[in-house]
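Source file: protein.txt; contents: compact mmCIF, C-alpha atoms.
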# COMPACT_ATOMS: atom_id res chain seq x y z
CA MET A 1 12.51 1.28 -7.78
CA ALA A 2 14.10 0.60 -4.38
CA TYR A 3 13.03 2.83 -1.49
CA ASN A 4 15.35 1.08 1.00
CA TRP A 5 12.52 0.62 3.48
CA ILE A 6 14.07 -2.65 4.63
CA ASN A 7 17.45 -4.31 4.89
CA PRO A 8 16.61 -7.49 2.95
CA LYS A 9 19.23 -9.48 4.85
CA ASP A 10 17.03 -9.11 7.94
CA TYR A 11 14.20 -11.06 6.26
CA THR A 12 13.65 -14.39 4.54
CA MET A 13 11.28 -15.73 1.91
CA ASN A 14 9.12 -16.89 4.83
CA SER A 15 7.83 -13.31 4.90
CA PHE A 16 5.60 -14.21 1.97
CA LEU A 17 3.69 -16.58 4.25
CA LEU A 18 2.27 -13.49 6.00
CA LEU A 19 0.93 -11.79 2.89
CA ASP A 20 -2.56 -11.78 1.39
CA ARG A 21 -3.57 -13.55 -1.78
CA TRP A 22 -4.05 -10.35 -3.78
CA THR A 23 -0.33 -9.54 -3.48
CA PHE A 24 0.87 -12.79 -5.03
CA PRO A 25 0.00 -12.13 -8.70
CA TRP A 26 2.21 -9.02 -8.40
CA ILE A 27 5.11 -10.98 -6.94
CA PHE A 28 4.90 -14.43 -8.51
CA THR A 29 4.75 -13.34 -12.11
CA ASP A 30 7.18 -11.98 -14.68
CA CYS A 31 7.78 -8.60 -13.03
CA SER A 32 9.98 -7.48 -15.90
CA LYS A 33 6.80 -6.54 -17.77
CA TYR A 34 5.92 -3.86 -15.19
CA ASP A 35 7.16 -0.29 -15.60
CA TRP A 36 7.86 0.03 -11.87
CA PHE A 37 10.22 -2.93 -11.75
CA ASP A 38 13.95 -2.27 -12.01
CA GLY A 39 15.51 -5.56 -13.03
CA GLU A 40 19.13 -4.42 -12.61
CA GLY A 41 20.01 -6.55 -15.62
CA LYS A 42 19.08 -9.77 -13.83
CA ASP A 43 16.66 -12.42 -15.04
CA TYR A 44 13.74 -12.24 -12.62
CA LYS A 45 12.59 -15.83 -13.03
CA THR A 46 16.06 -17.23 -12.42
CA GLU A 47 16.53 -15.07 -9.34
CA MET A 48 13.14 -16.18 -8.01
CA ALA A 49 14.06 -19.83 -8.65
CA LYS A 50 17.27 -19.38 -6.67
CA ALA A 51 15.50 -17.51 -3.87
CA LEU A 52 12.78 -20.15 -3.44
CA TYR A 53 15.02 -23.20 -3.83
CA ARG A 54 15.60 -23.48 -0.07
CA TYR A 55 11.92 -22.72 0.70
CA PRO A 56 9.77 -25.43 -0.94
CA HIS A 57 7.10 -24.88 1.72
CA VAL A 58 6.72 -21.26 0.58
CA THR A 59 6.27 -22.40 -3.02
CA GLU A 60 3.58 -24.89 -1.99
CA PHE A 61 1.85 -22.29 0.21
CA ILE A 62 1.66 -19.82 -2.68
CA ARG A 63 0.48 -22.54 -5.03
CA ALA A 64 -2.35 -23.49 -2.65
CA LYS A 65 -3.37 -19.97 -1.69
CA ALA A 66 -3.10 -18.39 -5.15
CA PRO A 67 -3.69 -21.01 -7.87
CA GLU A 68 -3.49 -18.25 -10.48
CA CYS A 69 0.27 -18.17 -9.83
CA GLY A 70 0.66 -21.87 -10.61
CA GLU A 71 1.95 -21.46 -14.16
CA PHE A 72 4.70 -19.10 -13.04
CA LEU A 73 5.68 -21.41 -10.17
CA ASP A 74 5.87 -24.33 -12.63
CA GLU A 75 8.19 -22.29 -14.84
CA ILE A 76 10.62 -21.37 -12.10
CA GLN A 77 10.64 -24.88 -10.64
CA ALA A 78 11.62 -26.13 -14.09
CA ILE A 79 14.77 -23.97 -14.06
CA PRO A 80 17.67 -26.35 -13.32
CA ASN A 81 19.93 -25.78 -10.35
CA GLU A 82 23.24 -25.29 -12.07
CA GLY A 83 25.31 -25.71 -8.96
CA TRP A 84 23.96 -22.62 -7.19
CA THR A 85 26.03 -21.85 -4.13
CA GLU A 86 24.58 -20.93 -0.76
CA GLU A 87 25.83 -17.39 -1.27
CA GLU A 88 24.18 -17.13 -4.70
CA MET A 89 20.85 -18.29 -3.30
CA LYS A 90 21.07 -15.86 -0.38
CA ASP A 91 21.93 -13.01 -2.77
CA ALA A 92 18.92 -13.92 -4.92
CA GLU A 93 16.74 -14.00 -1.81
CA SER A 94 17.87 -10.48 -0.87
CA TYR A 95 17.30 -9.31 -4.44
CA ILE A 96 13.71 -10.61 -4.49
CA LEU A 97 12.90 -9.25 -1.03
CA GLN A 98 14.30 -5.82 -1.88
CA ALA A 99 12.38 -5.78 -5.16
CA HIS A 100 9.15 -6.35 -3.24
CA GLU A 101 9.89 -4.33 -0.12
CA THR A 102 6.64 -2.37 -0.55
CA PHE A 103 4.80 -5.68 0.02
CA ILE A 104 7.15 -7.00 2.71
CA VAL A 105 6.42 -4.06 5.01
CA TYR A 106 2.71 -4.97 4.90
CA ALA A 107 3.64 -8.03 6.95
CA TYR A 108 5.49 -5.99 9.57
CA PRO A 109 3.37 -2.96 10.60
CA GLU A 110 5.91 -1.56 13.05
CA VAL A 111 8.49 -1.54 10.26
CA MET A 112 5.98 0.12 7.95
CA ASN A 113 5.48 2.88 10.51
CA GLN A 114 9.15 3.79 10.07
CA VAL A 115 9.14 4.16 6.28
CA ASN A 116 9.96 7.59 4.89
CA TYR A 117 6.44 8.87 4.24
CA ILE A 118 4.93 7.80 7.58
CA ARG A 119 7.51 8.23 10.35
CA ASN A 120 7.42 12.03 10.68
CA TRP A 121 4.07 12.85 9.10
CA ASP A 122 2.02 15.52 10.88
CA GLY A 123 -1.78 15.28 11.03
CA LYS A 124 -2.05 19.03 10.49
CA TYR A 125 -1.75 18.42 6.75
CA LEU A 126 -4.99 16.44 6.82
CA TYR A 127 -6.79 18.99 8.97
CA GLU A 128 -5.79 21.78 6.55
CA LEU A 129 -7.59 19.99 3.72
CA VAL A 130 -11.00 19.31 5.23
CA ASP A 131 -13.23 20.00 8.23
CA LEU A 132 -13.77 16.63 9.88
CA GLU A 133 -16.02 17.76 12.73
CA ASP A 134 -19.17 15.59 12.96
CA LYS A 135 -18.25 13.81 9.71
CA ILE A 136 -18.49 10.14 8.70
CA VAL A 137 -15.11 9.36 7.16
CA LEU A 138 -13.59 6.50 5.18
CA ASP A 139 -9.84 5.95 4.83
CA VAL A 140 -9.16 3.82 1.73
CA GLY A 141 -6.01 1.69 1.85
CA ALA A 142 -5.48 2.74 5.45
CA GLY A 143 -2.21 0.85 6.00
CA THR A 144 -1.18 1.28 9.63
CA GLY A 145 -3.76 4.04 10.03
CA ARG A 146 -1.74 7.21 9.45
CA LEU A 147 -4.82 9.11 8.21
CA ALA A 148 -7.50 7.17 10.03
CA PHE A 149 -6.14 7.70 13.53
CA ALA A 150 -5.59 11.40 12.82
CA ALA A 151 -9.17 11.70 11.55
CA ALA A 152 -10.56 9.86 14.58
CA LYS A 153 -9.41 12.73 16.79
CA LYS A 154 -11.95 15.03 15.14
CA ALA A 155 -14.52 13.06 13.13
CA LYS A 156 -17.79 11.58 14.36
CA ARG A 157 -16.96 8.16 12.93
CA VAL A 158 -14.02 6.75 10.95
CA TYR A 159 -13.89 3.56 8.91
CA ALA A 160 -10.46 2.26 7.92
CA SER A 161 -10.62 0.10 4.80
CA GLU A 162 -7.52 -2.06 4.29
CA PRO A 163 -6.99 -5.21 2.16
CA CYS A 164 -3.99 -6.53 4.19
CA ASP A 165 -4.85 -8.72 7.15
CA MET A 166 -1.69 -7.95 9.14
CA LEU A 167 -2.36 -4.21 8.86
CA ARG A 168 -6.02 -4.58 9.79
CA GLU A 169 -5.06 -6.49 12.93
CA TYR A 170 -2.41 -3.90 13.79
CA MET A 171 -5.03 -1.13 13.65
CA ARG A 172 -7.53 -3.16 15.67
CA ASP A 173 -4.91 -3.78 18.34
CA ARG A 174 -4.16 -0.06 18.55
CA ILE A 175 -7.87 0.79 18.74
CA ARG A 176 -8.26 -1.58 21.69
CA ARG A 177 -5.05 -0.42 23.35
CA GLU A 178 -5.97 3.27 23.10
CA ASN A 179 -9.68 2.71 23.76
CA ILE A 180 -10.71 4.53 20.59
CA THR A 181 -14.50 4.32 20.30
CA ASN A 182 -15.25 6.02 16.98
CA MET A 183 -13.13 3.95 14.59
CA LYS A 184 -13.77 0.61 12.90
CA VAL A 185 -11.47 -1.43 10.64
CA LEU A 186 -12.82 -3.31 7.62
CA ASP A 187 -11.55 -5.12 4.53
CA GLY A 188 -11.79 -3.41 1.15
CA GLU A 189 -9.92 -2.70 -2.07
CA VAL A 190 -10.07 0.65 -3.83
CA LEU A 191 -11.71 -0.61 -7.03
CA ASP A 192 -14.37 -2.63 -5.21
CA LEU A 193 -15.29 -0.99 -1.91
CA PRO A 194 -18.00 -2.82 0.11
CA TYR A 195 -20.09 0.26 0.89
CA GLU A 196 -23.39 1.63 -0.35
CA ASP A 197 -23.64 4.66 -2.62
CA ASP A 198 -23.57 8.06 -0.89
CA THR A 199 -22.38 6.74 2.48
CA PHE A 200 -19.52 9.03 3.55
CA ASP A 201 -19.01 12.75 4.09
CA VAL A 202 -15.27 12.39 3.45
CA VAL A 203 -13.36 9.68 1.60
CA MET A 204 -9.61 10.01 1.99
CA SER A 205 -6.51 8.13 0.93
CA GLY A 206 -2.77 8.51 0.57
CA HIS A 207 -0.50 6.73 -1.92
CA VAL A 208 -3.45 4.67 -3.21
CA ILE A 209 -4.86 6.42 -6.26
CA GLY A 210 -2.78 6.07 -9.40
CA ASP A 211 -2.93 2.58 -10.91
CA ASP A 212 -6.34 3.23 -12.50
CA TYR A 213 -7.34 6.86 -12.06
CA GLU A 214 -10.70 6.56 -13.79
CA GLY A 215 -11.81 3.43 -11.97
CA GLU A 216 -10.46 4.40 -8.56
CA ILE A 217 -11.86 7.93 -8.57
CA ALA A 218 -15.21 6.67 -9.85
CA GLU A 219 -15.41 4.17 -6.99
CA ILE A 220 -14.55 6.62 -4.21
CA THR A 221 -16.94 9.16 -5.74
CA ARG A 222 -19.74 6.58 -5.77
CA ILE A 223 -19.63 6.10 -2.01
CA THR A 224 -19.27 9.82 -1.19
CA LYS A 225 -22.33 11.94 -0.45
CA ASN A 226 -23.30 14.85 -2.66
CA GLY A 227 -21.33 17.81 -1.34
CA GLY A 228 -18.82 15.54 0.36
CA TRP A 229 -15.07 15.58 -0.13
CA LEU A 230 -12.45 13.40 -1.78
CA ILE A 231 -9.11 13.86 -0.04
CA ILE A 232 -5.70 12.63 -1.16
CA CYS A 233 -3.30 13.36 1.67
CA ASN A 234 0.14 11.95 0.95
CA GLY A 235 2.89 11.23 3.43
CA ASP A 236 6.02 13.29 3.96
CA ASP A 237 8.82 11.63 2.03
CA GLU A 238 12.06 13.06 0.63
CA PHE A 239 11.11 13.24 -3.05
CA LYS A 240 11.15 16.73 -4.58
CA ARG A 241 8.18 16.71 -6.93
CA GLU A 242 8.24 19.47 -9.51
CA LYS A 243 4.50 19.82 -10.07
CA PRO A 244 1.14 18.42 -8.99
CA ASP A 245 -0.19 15.24 -10.56
CA PRO A 246 -1.81 16.26 -13.89
CA GLU A 247 -4.08 13.21 -13.77
CA LEU A 248 -5.67 14.66 -10.64
CA THR A 249 -5.69 18.34 -11.60
CA GLU A 250 -7.31 17.49 -14.93
CA ARG A 251 -10.06 15.74 -13.00
CA GLY A 252 -10.84 18.81 -10.93
CA PHE A 253 -8.74 18.28 -7.80
CA GLU A 254 -7.34 21.34 -6.02
CA TRP A 255 -3.73 20.94 -4.93
CA PHE A 256 -1.77 22.06 -1.89
CA ARG A 257 2.02 22.11 -1.70
CA HIS A 258 4.40 21.95 1.26
CA GLU A 259 7.98 20.98 2.04
CA SER A 260 8.18 17.94 4.25
CA ILE A 261 10.33 17.39 7.30
CA GLU A 262 12.12 14.74 5.20
CA GLY A 263 13.06 17.43 2.68
CA GLY A 264 10.62 16.50 -0.06
CA ILE A 265 8.09 18.58 -1.97
CA ILE A 266 4.66 17.15 -1.24
CA TYR A 267 1.37 17.75 -3.03
CA ASN A 268 -1.99 16.99 -1.42
CA TYR A 269 -5.36 17.20 -3.13
CA ARG A 270 -9.07 17.67 -2.53
CA LYS A 271 -12.24 17.73 -4.59
CA GLN A 272 -15.83 18.38 -3.61
CA VAL A 273 -18.27 15.86 -4.98
CA ILE A 274 -21.22 17.30 -6.87
CA LYS A 275 -23.80 14.77 -8.05
Spit out the file's structure as structure tokens when you get a sec.
Amino acid sequence: MAYNWINPKDYTMNSFLLLDRWTFPWIFTDCSKYDWFDGEGKDYKTEMAKALYRYPHVTEFIRAKAPECGEFLDEIQAIPNEGWTEEEMKDAESYILQAHETFIVYAYPEVMNQVNYIRNWDGKYLYELVDLEDKIVLDVGAGTGRLAFAAAKKAKRVYASEPCDMLREYMRDRIRRENITNMKVLDGEVLDLPYEDDTFDVVMSGHVIGDDYEGEIAEITRITKNGGWLIICNGDDEFKREKPDPELTERGFEWFRHESIEGGIIYNYRKQVIK
């Protein structure tokens, strides 16, 4: 599904040099097997072969950084160049970059800040969900810090957990620039968070939970104190959702609905942890 967060012609395959290892098995694999991938009738491997043909250094970088992608890289390098024109290779490059725009923006935080669900988001939607005063808070999959920086205005201490290096450094730069003293940025992935049990009063996220509901909710519950809160506070995009997420409501999350400035129907969620 294309969100049109980027104009792919403004980027090159060199963008992949800025990404983290964990992203590569999603990109350098047969994406046609994933439900989220819209192939547009094109053969993904052939398009990737065309896109990478002019970027052998990118292929070798991925091979060295993510050996698990080696078999796929071997397969696409074995696809013969049947007289591909410069225009065909550039079109393939744009196709691949657009297909993976949700990863590309991780490499360009200022671009990510302008995507539909972040650019006009209002922190009031977080504050309506939970009292953050004097709380120790974790933002899981913090991105550019939409939730974390809003929480830092009220909470005692905020930890922003983010697996992308470029985004972590962006948040650290902003913390230094704005002299924020109650926020710290750390690495961490939602299914394997590097924190002790019962550490946080509030664990929050947005657009993170959903690939593995059971595992992800179990992990964020583990690190939340008894009586603490799990918060899912989504951004304000233009999508008109018809109902709350049944996977969350069935697991005991309350839901809150509002119409976003982008014109979408947004659902946010909270659940108190009882252990």
Residues near region 48-55 of chain A, cut-off 9 Å, all atoms listed in the file, skip fewer than 4 positions along chain, as a PyMOL selection string: chain A and resi 13-14+28+43-44+59+73+75-81+84+88-96
What's the separation between CA of Thr199 (chain A) and CA of Ile274 (chain A), in Å to one decimal place?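 Interatomic distance here is 14.2 Å.
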Given all atoms listed in the file as the counted atoms, nearest of A:Val273, A:Gly252, A:Glu214, A:Gly235 to Lys124 (chain A): A:Gly235
Calculate how many Å separate CA of Gly206 (chain A) from CA of Lys9 (chain A), rounding to one decimal.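 Interatomic distance here is 28.7 Å.
Between CA of Lys225 (chain A) and CA of Ile209 (chain A) the interatomic distance comes to 19.2 Å.
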Test item: residues at most 9 Å from Asp197 (chain A), only C-alpha atoms, excluding those fewer than 3 positions along its chain, as a list in words: Phe200, Thr221, Arg222, Ile223, Thr224 and Lys225 of chain A
With distances taken over all atoms listed in the file, which residue among A:Arg21, A:His100, A:Arg177, A:Arg119 lies nearest Asn4 (chain A)?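 Looking at the shortest contact to Asn4 (chain A), the residue is A:His100.
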Residues at most 9 Å from Phe16 (chain A), counting all atoms listed in the file, excluding those fewer than 3 positions away in the same chain, as a short mmCIF file (atom, residue, chain, number, x, y, z; two decimals) with C-alpha atoms, keeping the file's coordinate frame?
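As written to disk, out_33.cif reads:
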data_model
loop_
_atom_site.label_atom_id
_atom_site.label_comp_id
_atom_site.auth_asym_id
_atom_site.auth_seq_id
_atom_site.Cartn_x
_atom_site.Cartn_y
_atom_site.Cartn_z
CA THR A 12 13.65 -14.39 4.54
CA MET A 13 11.28 -15.73 1.91
CA LEU A 19 0.93 -11.79 2.89
CA ASP A 20 -2.56 -11.78 1.39
CA PHE A 24 0.87 -12.79 -5.03
CA VAL A 58 6.72 -21.26 0.58
CA ILE A 62 1.66 -19.82 -2.68
CA PHE A 103 4.80 -5.68 0.02
CA ILE A 104 7.15 -7.00 2.71
CA ALA A 107 3.64 -8.03 6.95
#
